[in-house]
Every structure is written in structure tokens, then in C-alpha cells.
$ cat structure09.txt   # compact mmCIF, C-alpha atoms
# COMPACT_ATOMS: atom_id res chain seq x y z
CA MET H 1 -186.96 -36.68 -133.45
CA GLN H 2 -185.20 -33.96 -135.48
CA THR H 3 -187.06 -30.79 -136.64
CA ARG H 4 -186.87 -31.89 -140.30
CA GLU H 5 -188.37 -35.27 -139.49
CA ALA H 6 -191.18 -33.75 -137.42
CA PHE H 7 -192.04 -31.32 -140.22
CA ALA H 8 -192.21 -34.16 -142.79
CA LEU H 9 -194.43 -36.26 -140.54
CA VAL H 10 -196.90 -33.41 -139.87
CA THR H 11 -196.97 -32.49 -143.57
CA SER H 12 -197.73 -36.10 -144.58
CA LEU H 13 -200.63 -36.24 -142.12
CA LEU H 14 -202.08 -33.01 -143.50
CA ILE H 15 -201.82 -34.35 -147.07
CA SER H 16 -203.65 -37.51 -146.07
CA ALA H 17 -206.41 -35.57 -144.34
CA ALA H 18 -206.82 -33.26 -147.34
CA GLY H 19 -207.12 -36.27 -149.67
CA PHE H 20 -210.02 -37.70 -147.68
CA ILE H 21 -211.85 -34.37 -147.47
CA PHE H 22 -211.51 -33.06 -151.01
CA SER H 23 -210.93 -36.13 -153.22
CA GLY H 24 -212.98 -38.91 -151.73
CA PRO H 25 -212.07 -42.15 -150.02
CA LEU H 26 -210.23 -43.76 -152.99
CA LEU H 27 -207.85 -40.90 -153.64
CA GLY H 28 -207.63 -40.36 -149.90
CA VAL H 29 -206.19 -43.84 -149.48
CA LEU H 30 -203.64 -43.11 -152.22
CA PHE H 31 -202.69 -39.86 -150.51
CA ALA H 32 -202.38 -41.74 -147.20
CA CYS H 33 -199.99 -44.27 -148.77
CA LEU H 34 -197.90 -41.45 -150.20
CA ALA H 35 -197.86 -39.72 -146.82
CA LEU H 36 -196.79 -42.94 -145.13
CA TYR H 37 -193.87 -43.31 -147.54
CA VAL H 38 -192.70 -39.72 -146.90
CA ALA H 39 -192.91 -40.22 -143.15
CA ALA H 40 -191.06 -43.53 -143.32
CA VAL H 41 -188.15 -42.05 -145.25
CA ALA H 42 -187.94 -38.92 -143.11
CA TRP H 43 -188.56 -40.39 -139.67
CA THR H 44 -185.58 -42.48 -138.59
CA PRO H 45 -187.31 -45.22 -136.50
CA VAL H 46 -189.91 -45.98 -139.21
CA GLY H 47 -187.40 -45.83 -142.05
CA ASP H 48 -185.02 -48.15 -140.27
CA TRP H 49 -187.81 -50.60 -139.45
CA LEU H 50 -189.04 -50.76 -143.05
CA GLY H 51 -185.50 -50.91 -144.42
CA TRP H 52 -186.08 -47.88 -146.68
CA ARG H 53 -183.60 -45.61 -144.96
CA GLU H 54 -179.89 -46.01 -145.66
CA ARG H 55 -177.99 -46.90 -142.47
CA PRO H 56 -174.54 -45.38 -141.82
CA THR H 57 -171.65 -47.82 -142.20
CA ARG H 58 -168.97 -48.21 -139.47
CA GLU H 59 -165.32 -48.49 -140.29
CA PRO H 60 -163.99 -51.95 -139.43
CA ASP H 61 -161.73 -52.19 -136.37
CA THR H 62 -158.50 -53.15 -138.10
CA THR H 63 -156.51 -52.86 -134.86
CA ALA H 64 -158.44 -55.64 -133.14
CA ALA H 65 -158.26 -57.80 -136.28
CA GLU H 66 -154.49 -57.43 -136.55
CA LEU H 67 -153.74 -57.91 -132.86
CA VAL H 68 -151.43 -60.93 -132.79
CA GLU H 69 -150.74 -61.02 -129.06
CA LEU H 70 -150.78 -58.75 -126.04
CA PRO H 71 -147.74 -56.53 -125.36
CA LYS H 72 -145.28 -57.75 -122.73
CA ILE H 73 -143.95 -55.75 -119.76
CA VAL H 74 -140.42 -56.25 -118.41
CA PHE H 75 -138.73 -54.64 -115.39
CA THR H 76 -134.96 -54.09 -115.59
CA LEU H 77 -132.44 -52.36 -113.35
CA ASP H 78 -129.70 -50.45 -115.17
CA GLY H 79 -130.24 -52.67 -118.19
CA THR H 80 -130.27 -56.04 -116.44
CA THR H 81 -133.15 -58.26 -115.38
CA ASP H 82 -131.36 -58.96 -112.08
CA LEU H 83 -133.29 -56.75 -109.64
CA THR H 84 -130.91 -57.36 -106.74
CA VAL H 85 -128.76 -54.62 -105.15
CA ARG H 86 -126.34 -54.78 -102.22
CA ILE H 87 -125.82 -51.66 -100.14
CA ARG H 88 -123.58 -50.64 -97.27
CA GLU H 89 -124.85 -48.71 -94.29
CA ASP H 90 -124.77 -44.94 -94.85
CA GLU H 91 -123.73 -45.43 -98.50
CA PRO H 92 -126.84 -44.81 -100.65
CA GLN H 93 -126.97 -45.76 -104.29
CA ALA H 94 -128.60 -44.17 -107.34
CA VAL H 95 -130.08 -46.72 -109.75
CA LEU H 96 -132.30 -46.61 -112.83
CA LEU H 97 -135.48 -48.66 -112.84
CA GLU H 98 -136.64 -49.33 -116.39
CA VAL H 99 -140.15 -50.39 -117.35
CA GLY H 100 -140.16 -51.74 -120.88
CA VAL H 101 -143.27 -52.62 -122.85
CA ALA H 102 -142.88 -54.52 -126.14
CA ASN H 103 -145.59 -54.45 -128.79
CA PRO H 104 -145.16 -57.43 -131.16
CA ASN H 105 -148.14 -56.49 -133.32
CA PRO H 106 -147.89 -55.03 -136.86
CA VAL H 107 -150.01 -52.02 -135.86
CA ALA H 108 -149.56 -49.28 -133.30
CA LEU H 109 -151.76 -49.42 -130.22
CA ARG H 110 -153.07 -45.93 -129.56
CA SER H 111 -154.81 -44.23 -126.65
CA VAL H 112 -153.07 -46.49 -124.14
CA ASN H 113 -152.89 -45.50 -120.46
CA ALA H 114 -149.98 -46.44 -118.18
CA ASN H 115 -149.45 -46.74 -114.42
CA VAL H 116 -146.25 -47.54 -112.53
CA LEU H 117 -146.29 -48.16 -108.76
CA ILE H 118 -143.05 -47.61 -106.84
CA PRO H 119 -142.75 -47.93 -103.05
CA GLU H 120 -142.90 -44.59 -101.30
CA GLY H 121 -139.54 -43.05 -100.46
CA LEU H 122 -137.52 -44.63 -103.27
CA ARG H 123 -137.93 -42.20 -106.14
CA ALA H 124 -135.25 -39.54 -106.46
CA GLY H 125 -136.59 -36.03 -105.99
CA ASP H 126 -140.00 -34.80 -107.08
CA GLY H 127 -139.75 -36.10 -110.61
CA ALA H 128 -137.82 -39.37 -110.81
CA ARG H 129 -138.76 -39.87 -114.49
CA CYS H 130 -135.45 -39.55 -116.34
CA ASP H 131 -133.31 -40.53 -119.34
CA HIS H 132 -130.42 -43.02 -119.56
CA TYR H 133 -128.10 -40.55 -117.79
CA GLY H 134 -130.40 -39.80 -114.88
CA ASN H 135 -131.43 -36.38 -116.21
CA HIS H 136 -134.98 -35.33 -115.40
CA ARG H 137 -137.51 -35.97 -118.14
CA SER H 138 -141.05 -34.66 -118.26
CA GLY H 139 -144.06 -36.84 -118.95
CA GLY H 140 -146.83 -38.30 -116.88
CA THR H 141 -148.09 -37.22 -113.47
CA TRP H 142 -147.37 -38.42 -109.95
CA MET H 143 -150.75 -39.07 -108.35
CA ARG H 144 -151.58 -39.53 -104.68
CA PRO H 145 -149.84 -42.52 -103.08
CA THR H 146 -151.80 -45.76 -103.15
CA HIS H 147 -152.09 -48.61 -100.65
CA GLU H 148 -152.58 -51.18 -103.41
CA ARG H 149 -151.23 -54.61 -102.50
CA ILE H 150 -148.89 -56.24 -105.02
CA ALA H 151 -148.54 -60.01 -105.53
CA ASP H 152 -147.07 -61.69 -102.43
CA GLU H 153 -146.47 -58.44 -100.56
CA PRO H 154 -146.95 -59.01 -96.83
CA GLU H 155 -149.69 -57.25 -94.91
CA PRO H 156 -150.05 -54.39 -94.40
CA PRO H 157 -148.96 -53.32 -97.91
CA ALA H 158 -146.57 -50.39 -98.19
CA TRP H 159 -147.69 -47.05 -99.55
CA LYS H 160 -146.59 -46.58 -103.16
CA ASP H 161 -145.96 -43.57 -105.34
CA TYR H 162 -148.35 -43.74 -108.26
CA TRP H 163 -147.21 -42.54 -111.72
CA ALA H 164 -149.75 -42.19 -114.53
CA GLU H 165 -149.65 -41.17 -118.18
CA GLN H 166 -152.49 -41.11 -120.70
CA GLU H 167 -152.84 -41.31 -124.48
CA ILE H 168 -149.60 -43.22 -125.08
CA SER H 169 -148.99 -44.73 -128.52
CA LEU H 170 -147.34 -48.16 -128.41
CA THR H 171 -145.69 -48.49 -131.81
CA THR H 172 -144.36 -51.79 -133.08
CA GLY H 173 -141.25 -52.55 -131.05
CA ALA H 174 -140.39 -51.49 -127.51
CA LEU H 175 -141.06 -48.41 -125.39
CA LEU H 176 -139.04 -47.66 -122.26
CA PHE H 177 -139.97 -45.64 -119.16
CA ILE H 178 -137.02 -44.88 -116.83
CA PHE H 179 -137.22 -43.85 -113.17
CA LYS H 180 -134.28 -42.88 -110.95
CA LEU H 181 -134.37 -44.41 -107.48
CA HIS H 182 -132.27 -43.75 -104.36
CA LEU H 183 -131.66 -46.87 -102.28
CA SER H 184 -130.53 -46.53 -98.68
CA LYS H 185 -132.30 -49.30 -96.75
CA SER H 186 -132.35 -53.06 -97.28
CA GLY H 187 -135.63 -54.84 -97.89
CA ASN H 188 -137.96 -56.16 -100.57
CA TYR H 189 -139.70 -53.48 -102.60
CA TYR H 190 -142.75 -54.51 -104.64
CA LEU H 191 -143.31 -52.91 -108.05
CA ARG H 192 -146.20 -52.93 -110.52
CA ALA H 193 -146.78 -51.67 -114.06
CA LYS H 194 -150.10 -51.81 -115.91
CA PHE H 195 -151.36 -50.67 -119.31
CA TRP H 196 -154.90 -50.50 -120.68
CA GLY H 197 -156.80 -48.68 -123.41
CA ASP H 198 -159.28 -48.87 -126.28
CA ASP H 199 -156.91 -50.86 -128.51
CA LEU H 200 -156.17 -53.44 -125.82
CA PRO H 201 -158.80 -56.16 -125.32
CA GLU H 202 -157.80 -56.40 -121.67
CA GLN H 203 -155.52 -54.75 -119.12
CA ILE H 204 -151.94 -56.03 -119.08
CA GLU H 205 -150.10 -56.05 -115.78
CA GLN H 206 -146.67 -57.08 -114.50
CA ASP H 207 -145.30 -57.27 -110.94
CA ALA H 208 -141.70 -57.44 -109.77
CA VAL H 209 -139.66 -57.34 -106.57
CA LEU H 210 -136.60 -55.13 -106.10
CA ARG H 211 -134.41 -56.88 -103.53
CA VAL H 212 -132.01 -54.63 -101.63
CA GLU H 213 -129.60 -56.68 -99.51
CA SER H 214 -127.33 -55.43 -96.74
CA ALA H 215 -123.55 -55.71 -97.21
CA ASP H 216 -121.12 -55.61 -94.30
CA SER H 217 -118.04 -54.70 -96.34
CA VAL H 218 -117.00 -53.37 -99.73
CA ASP H 219 -115.90 -56.87 -100.73
CA GLU H 220 -119.56 -57.96 -100.82
CA LEU H 221 -120.46 -55.28 -103.37
CA THR H 222 -120.51 -55.84 -107.13
CA ALA H 223 -118.96 -53.42 -109.62
CA ARG H 224 -122.45 -52.14 -110.38
CA ASP H 225 -123.04 -51.42 -106.69
CA LEU H 226 -119.79 -49.44 -106.39
CA ILE H 227 -120.57 -47.38 -109.48
CA SER H 228 -124.09 -46.72 -108.16
CA GLU H 229 -122.54 -45.36 -104.94
CA ALA H 230 -120.26 -43.06 -106.95
CA ILE H 231 -123.16 -41.83 -109.08
CA TYR H 232 -125.19 -41.01 -105.98
CA GLN H 233 -122.30 -39.04 -104.44
CA GLY H 234 -121.56 -37.17 -107.67
CA GLU H 235 -125.18 -36.13 -108.14
CA ALA H 236 -125.35 -35.12 -104.47
CA LEU H 237 -122.42 -32.76 -105.06
CA LEU H 238 -124.17 -31.19 -108.04
CA ALA H 239 -127.28 -30.64 -105.91
CA ILE H 240 -125.39 -28.47 -103.40
CA GLU H 241 -125.84 -24.74 -103.88
CA PRO H 242 -122.75 -23.08 -105.41
CA ASP H 243 -122.53 -20.58 -102.53
CA ALA H 244 -121.84 -23.46 -100.13
CA PHE H 245 -118.34 -23.83 -101.56
CA THR H 246 -115.81 -21.08 -100.87
CA GLY H 247 -112.34 -20.43 -102.18
CA PRO H 248 -110.84 -20.63 -105.67
CA GLY H 249 -110.88 -23.81 -107.74
CA PRO H 250 -112.95 -26.95 -107.24
CA PRO H 251 -113.97 -27.88 -103.69
CA GLN H 252 -112.08 -30.53 -101.75
CA GLU H 253 -115.21 -32.69 -101.66
CA TRP H 254 -115.10 -32.88 -105.45
CA MET H 255 -111.50 -34.07 -105.48
CA GLY H 256 -112.45 -36.86 -103.09
CA TRP H 257 -115.33 -37.85 -105.34
CA VAL H 258 -113.06 -38.07 -108.41
CA VAL H 259 -110.90 -40.61 -106.55
CA GLN H 260 -113.98 -42.58 -105.41
CA ALA H 261 -115.37 -42.70 -108.96
CA SER H 262 -112.06 -43.87 -110.40
CA LEU H 263 -111.78 -46.68 -107.84
CA ALA H 264 -115.32 -47.85 -108.63
CA VAL H 265 -114.57 -48.41 -112.31
CA PRO H 266 -113.52 -52.03 -113.10
CA GLU H 267 -110.04 -52.55 -114.54
CA GLU H 268 -111.34 -53.58 -117.96
CA HIS H 269 -113.07 -50.21 -118.31
CA LYS H 270 -110.51 -47.90 -116.72
CA ASP H 271 -108.85 -46.90 -120.01
CA ALA H 272 -112.12 -45.64 -121.47
CA TYR H 273 -113.02 -43.81 -118.25
CA GLU H 274 -109.61 -42.17 -117.84
CA LEU H 275 -109.73 -41.06 -121.47
CA ARG H 276 -113.01 -39.30 -120.71
CA LEU H 277 -111.38 -37.66 -117.66
CA LYS H 278 -108.55 -36.32 -119.84
CA ASP H 279 -111.08 -34.91 -122.29
CA GLY H 280 -112.70 -33.08 -119.40
CA GLN H 281 -109.52 -31.62 -117.99
CA GLY H 282 -109.20 -27.90 -118.31
CA ARG H 283 -112.89 -27.19 -118.01
CA SER H 284 -113.44 -23.95 -116.16
CA ASP H 285 -116.47 -25.32 -114.29
CA TRP H 286 -115.96 -28.44 -112.16
CA ARG H 287 -119.71 -28.99 -112.24
CA GLU H 288 -119.63 -29.32 -115.99
CA GLN H 289 -116.82 -31.84 -115.76
CA THR H 290 -118.73 -33.77 -113.09
CA ARG H 291 -121.74 -34.08 -115.41
CA GLU H 292 -119.50 -35.52 -118.12
CA ASP H 293 -117.86 -37.90 -115.65
CA LEU H 294 -121.30 -39.08 -114.50
CA LYS H 295 -122.25 -39.88 -118.09
CA GLY H 296 -119.14 -42.06 -118.25
CA LEU H 297 -120.15 -43.87 -115.07
CA TYR H 298 -123.68 -44.48 -116.39
CA ASP H 299 -122.28 -45.89 -119.66
CA ILE H 300 -119.84 -48.19 -117.88
CA ARG H 301 -122.45 -49.44 -115.40
CA ALA H 302 -124.64 -50.50 -118.33
CA ARG H 303 -121.77 -52.72 -119.56
CA VAL H 304 -120.76 -54.52 -116.37

$ encode --input "structure09.txt" --output "C-alpha cells"
Amino acid sequence: MQTREAFALVTSLLISAAGFIFSGPLLGVLFACLALYVAAVAWTPVGDWLGWRERPTREPDTTAAELVELPKIVFTLDGTTDLTVRIREDEPQAVLLEVGVANPNPVALRSVNANVLIPEGLRAGDGARCDHYGNHRSGGTWMRPTHERIADEPEPPAWKDYWAEQEISLTTGALLFIFKLHLSKSGNYYLRAKFWGDDLPEQIEQDAVLRVESADSVDELTARDLISEAIYQGEALLAIEPDAFTGPGPPQEWMGWVVQASLAVPEEHKDAYELRLKDGQGRSDWREQTREDLKGLYDIRARV
């Protein structure tokens, strides 16, 4: 009971008692009725029960009313729904795992939470969240690994890195979360994405399997696989400390990478790639040119 309500109730009782003492039974009853009315209006439980107190109105939940269907989650790898990669021994690849969530509803879904589970040891570096060119992007938090079993994953389930982000707004259309992975061992890797929140009537969840197959020769690799090898090697060069290279001009390792990258590009895309190389010629910093060349490789891989 609030202080104001308590004061009104005590006052009404005193008025009633005074009516009986000083005005007689008849007026006392009238004073008692008046006191009851004051108490009913002031004291919430009594006022609500008698219907004399105005009840606060609640805004209608327009989001729930306009929810046509639940959002859909789709896993893609470098823009394709084919989650199969072929790798050669001692030739790692850098790939982009994309988790897309499409909201078909006419209203935005707010305060949505997201989780993505990726097998331990696959994500590149400490971050792994990135843009379309593999550049680190902030957002979300990597939690402690989880032993959660996914779909038909055999026992015992593998440990998985656990990414989480809160208070996401799913506007009408699609939202994409990109993670850079380094693949070096063949096997089946089980993935999971899940979203839940106040605007979702239930949790939505999607599982997928990333299949990494072993290749005995370069002939068994696709154009995407070859480009992914070149991207991995180029980014590995950029990760080396500048002091590790001595002598004037670009290091010999970089020259070898330029040849590898050029050979990985399919014939139908070589003109566009070589044009980008010419635009980069003359740069004083080979690292800067490498970053531009990597952008070209990412763009071409998305087209093959």
C-alpha cells in the first residue's frame, strides 16, 4: 500500500468514528459510507474490486499481430549453399562462413539474441567475425566453448566455439553474419545458429554440416578451392612481422605468392584480375598491394 493510500484509509476511518460519536447513528452511517467511498478510490485493491478506480491501459503488441512467419536461417560458404571443400595435405584454405537470417515480416523484430556454434579450431585468429573481404569486424562475444551436440553428430560431440550477440534488430529483409575459417584437416564439421527474443514466439534454430574432403592432387580441386589456398597464403604473408623480411624491395616469398594467385584465377576472370594487378603496380608498399590483390581474389571467388 502506498503512503497516500494509507493516509486516505486512516482518515476515512477517523471520519466514520467521529460521525458516530458526535452526530448520532444516522449521520454516522452516512459518514461511514462516505469514508468507504474515499477508501475505495484511494486504496488500489478495493477500487479495482468495485470497478471505481481507472485501470491503466496496455499498448497492444503490434509486433505479434503482424508476425507473418518466423525468420529463416541459411548457412552459405563464400556465397554458395554448397558447404563442401576439398583440401590438399599441408595446403590450408581460408573460407568465409556466412550465417544469413531473413525476416519476411513487415515489422522489425527487436531485442533478438543470436548464437553461432563453430567447431573448435576452425575460426581464424581470436576474432573470426569479418566482412566480405576477410577483414576483422567487431560485434558479439566469443564465450566459453560448449560441448553441445548438433543433429546427427557422432558421440562424443566435438567442442565448439560459441559466439553470442544480444539486442539485435532484425529489420525486414536479410541480415548476414560472416566468420572467417581456416581449414586444414578433412572431416565433417557440425554447425548451429539460433535466434530468440521477446519479439519471437519461439526460438528458431538451424543446423548444417561443413564437409571438408581430402584431395590427392591439384586436379581434384575446384577453382574456389585454389583461390581459397591463395587467400590463405596471402593473408599469412601479411601476418608476418615486417622485421622478418630483410633487403630492399618486396620479399621473394611475396613474388612466389603473386604467381600462385595468378594461377588460381580461372581463365574467364584473368583479364579482370590482371587489370587489378596493373592498377596496383608501382605501390611503394608490397603489403598494400597484397591487400588489394586479396580483395580481387575474394571478389572472383564469389563469382565462380

$ residues_near_point --input "structure09.txt" --point "(-134.8, -36.3, -115.8)" --cutoff "12 Å" --atoms "all atoms listed in the file" --output "list in words"
Leu96, Arg123, Ala124, Gly125, Asp126, Gly127, Ala128, Arg129, Cys130, Asp131, His132, Tyr133, Gly134, Asn135, His136, Arg137, Ser138, Gly139, Phe177, Ile178, Phe179, Lys180 and Leu181 of chain H

$ atom_distance --input "structure09.txt" --atom1 "CA of Val101 in chain H" --atom2 "CA of Gln206 in chain H"
10.1 Å

$ atom_distance --input "structure09.txt" --atom1 "CA of Val212 in chain H" --atom2 "CA of Arg224 in chain H"
13.2 Å

$ atom_distance --input "structure09.txt" --atom1 "CA of Ala239 in chain H" --atom2 "CA of Arg287 in chain H"
10.0 Å

$ residues_around --input "structure09.txt" --residues "range 69-77 of chain H" --least-positions-apart "4" --cutoff "8 Å" --atoms "all atoms listed in the file" --output "compact mmCIF listing (two decimals) with C-alpha atoms, keeping the file's coordinate frame"
# COMPACT_ATOMS: atom_id res chain seq x y z
CA THR H 81 -133.15 -58.26 -115.38
CA ASP H 82 -131.36 -58.96 -112.08
CA LEU H 83 -133.29 -56.75 -109.64
CA VAL H 95 -130.08 -46.72 -109.75
CA LEU H 96 -132.30 -46.61 -112.83
CA LEU H 97 -135.48 -48.66 -112.84
CA GLU H 98 -136.64 -49.33 -116.39
CA VAL H 99 -140.15 -50.39 -117.35
CA GLY H 100 -140.16 -51.74 -120.88
CA VAL H 101 -143.27 -52.62 -122.85
CA ALA H 102 -142.88 -54.52 -126.14
CA ASN H 103 -145.59 -54.45 -128.79
CA PRO H 104 -145.16 -57.43 -131.16
CA ASN H 105 -148.14 -56.49 -133.32
CA ALA H 193 -146.78 -51.67 -114.06
CA LEU H 200 -156.17 -53.44 -125.82
CA ILE H 204 -151.94 -56.03 -119.08
CA GLU H 205 -150.10 -56.05 -115.78
CA GLN H 206 -146.67 -57.08 -114.50
CA ALA H 208 -141.70 -57.44 -109.77

$ residues_around --input "structure09.txt" --residues "Leu210 in chain H" --least-positions-apart "6" --cutoff "8 Å" --atoms "all atoms listed in the file" --output "list of chain:residue names"
H:Leu83, H:Thr84, H:Val85, H:Asn188, H:Tyr189, H:Tyr190, H:Leu191

$ axis_aligned_box --input "structure09.txt" --around "range 152-156 of chain H" --padding-each-side "8 Å" --output "lines of an AutoDock Vina configuration file"
center_x = -148.3
center_y = -58.0
center_z = -98.4
size_x = 19.6
size_y = 23.3
size_z = 24.0

$ residues_around --input "structure09.txt" --residues "Val116 in chain H" --least-positions-apart "5" --cutoff "7 Å" --atoms "all atoms listed in the file" --output "compact mmCIF listing (two decimals) with C-alpha atoms, in the frame of the given file"
# COMPACT_ATOMS: atom_id res chain seq x y z
CA TYR H 162 -148.35 -43.74 -108.26
CA TRP H 163 -147.21 -42.54 -111.72
CA ALA H 164 -149.75 -42.19 -114.53
CA ARG H 192 -146.20 -52.93 -110.52
CA ALA H 193 -146.78 -51.67 -114.06
CA LYS H 194 -150.10 -51.81 -115.91

$ closest_residue --input "structure09.txt" --among "H:Leu237, H:Ile227, H:Ala215, H:Leu275" --to "Ala261 in chain H" --atoms "all atoms listed in the file"
H:Ile227

$ closest_residue --input "structure09.txt" --among "H:Arg88, H:Ile118, H:Lys295, H:Met143" --to "Asp219 in chain H" --atoms "only C-alpha atoms"
H:Arg88

$ residues_around --input "structure09.txt" --residues "Asp161 in chain H" --least-positions-apart "2" --cutoff "6 Å" --atoms "only C-alpha atoms" --output "list in words"
Leu117, Ile118, Pro119, Glu120 and Pro145 of chain H

$ closest_residue --input "structure09.txt" --among "H:Asp271, H:Glu167, H:Glu229, H:Asp243" --to "Glu91 in chain H" --atoms "all atoms listed in the file"
H:Glu229

$ closest_residue --input "structure09.txt" --among "H:Thr141, H:Thr222, H:Gln289, H:Gln252" --to "Pro266 in chain H" --atoms "all atoms listed in the file"
H:Thr222
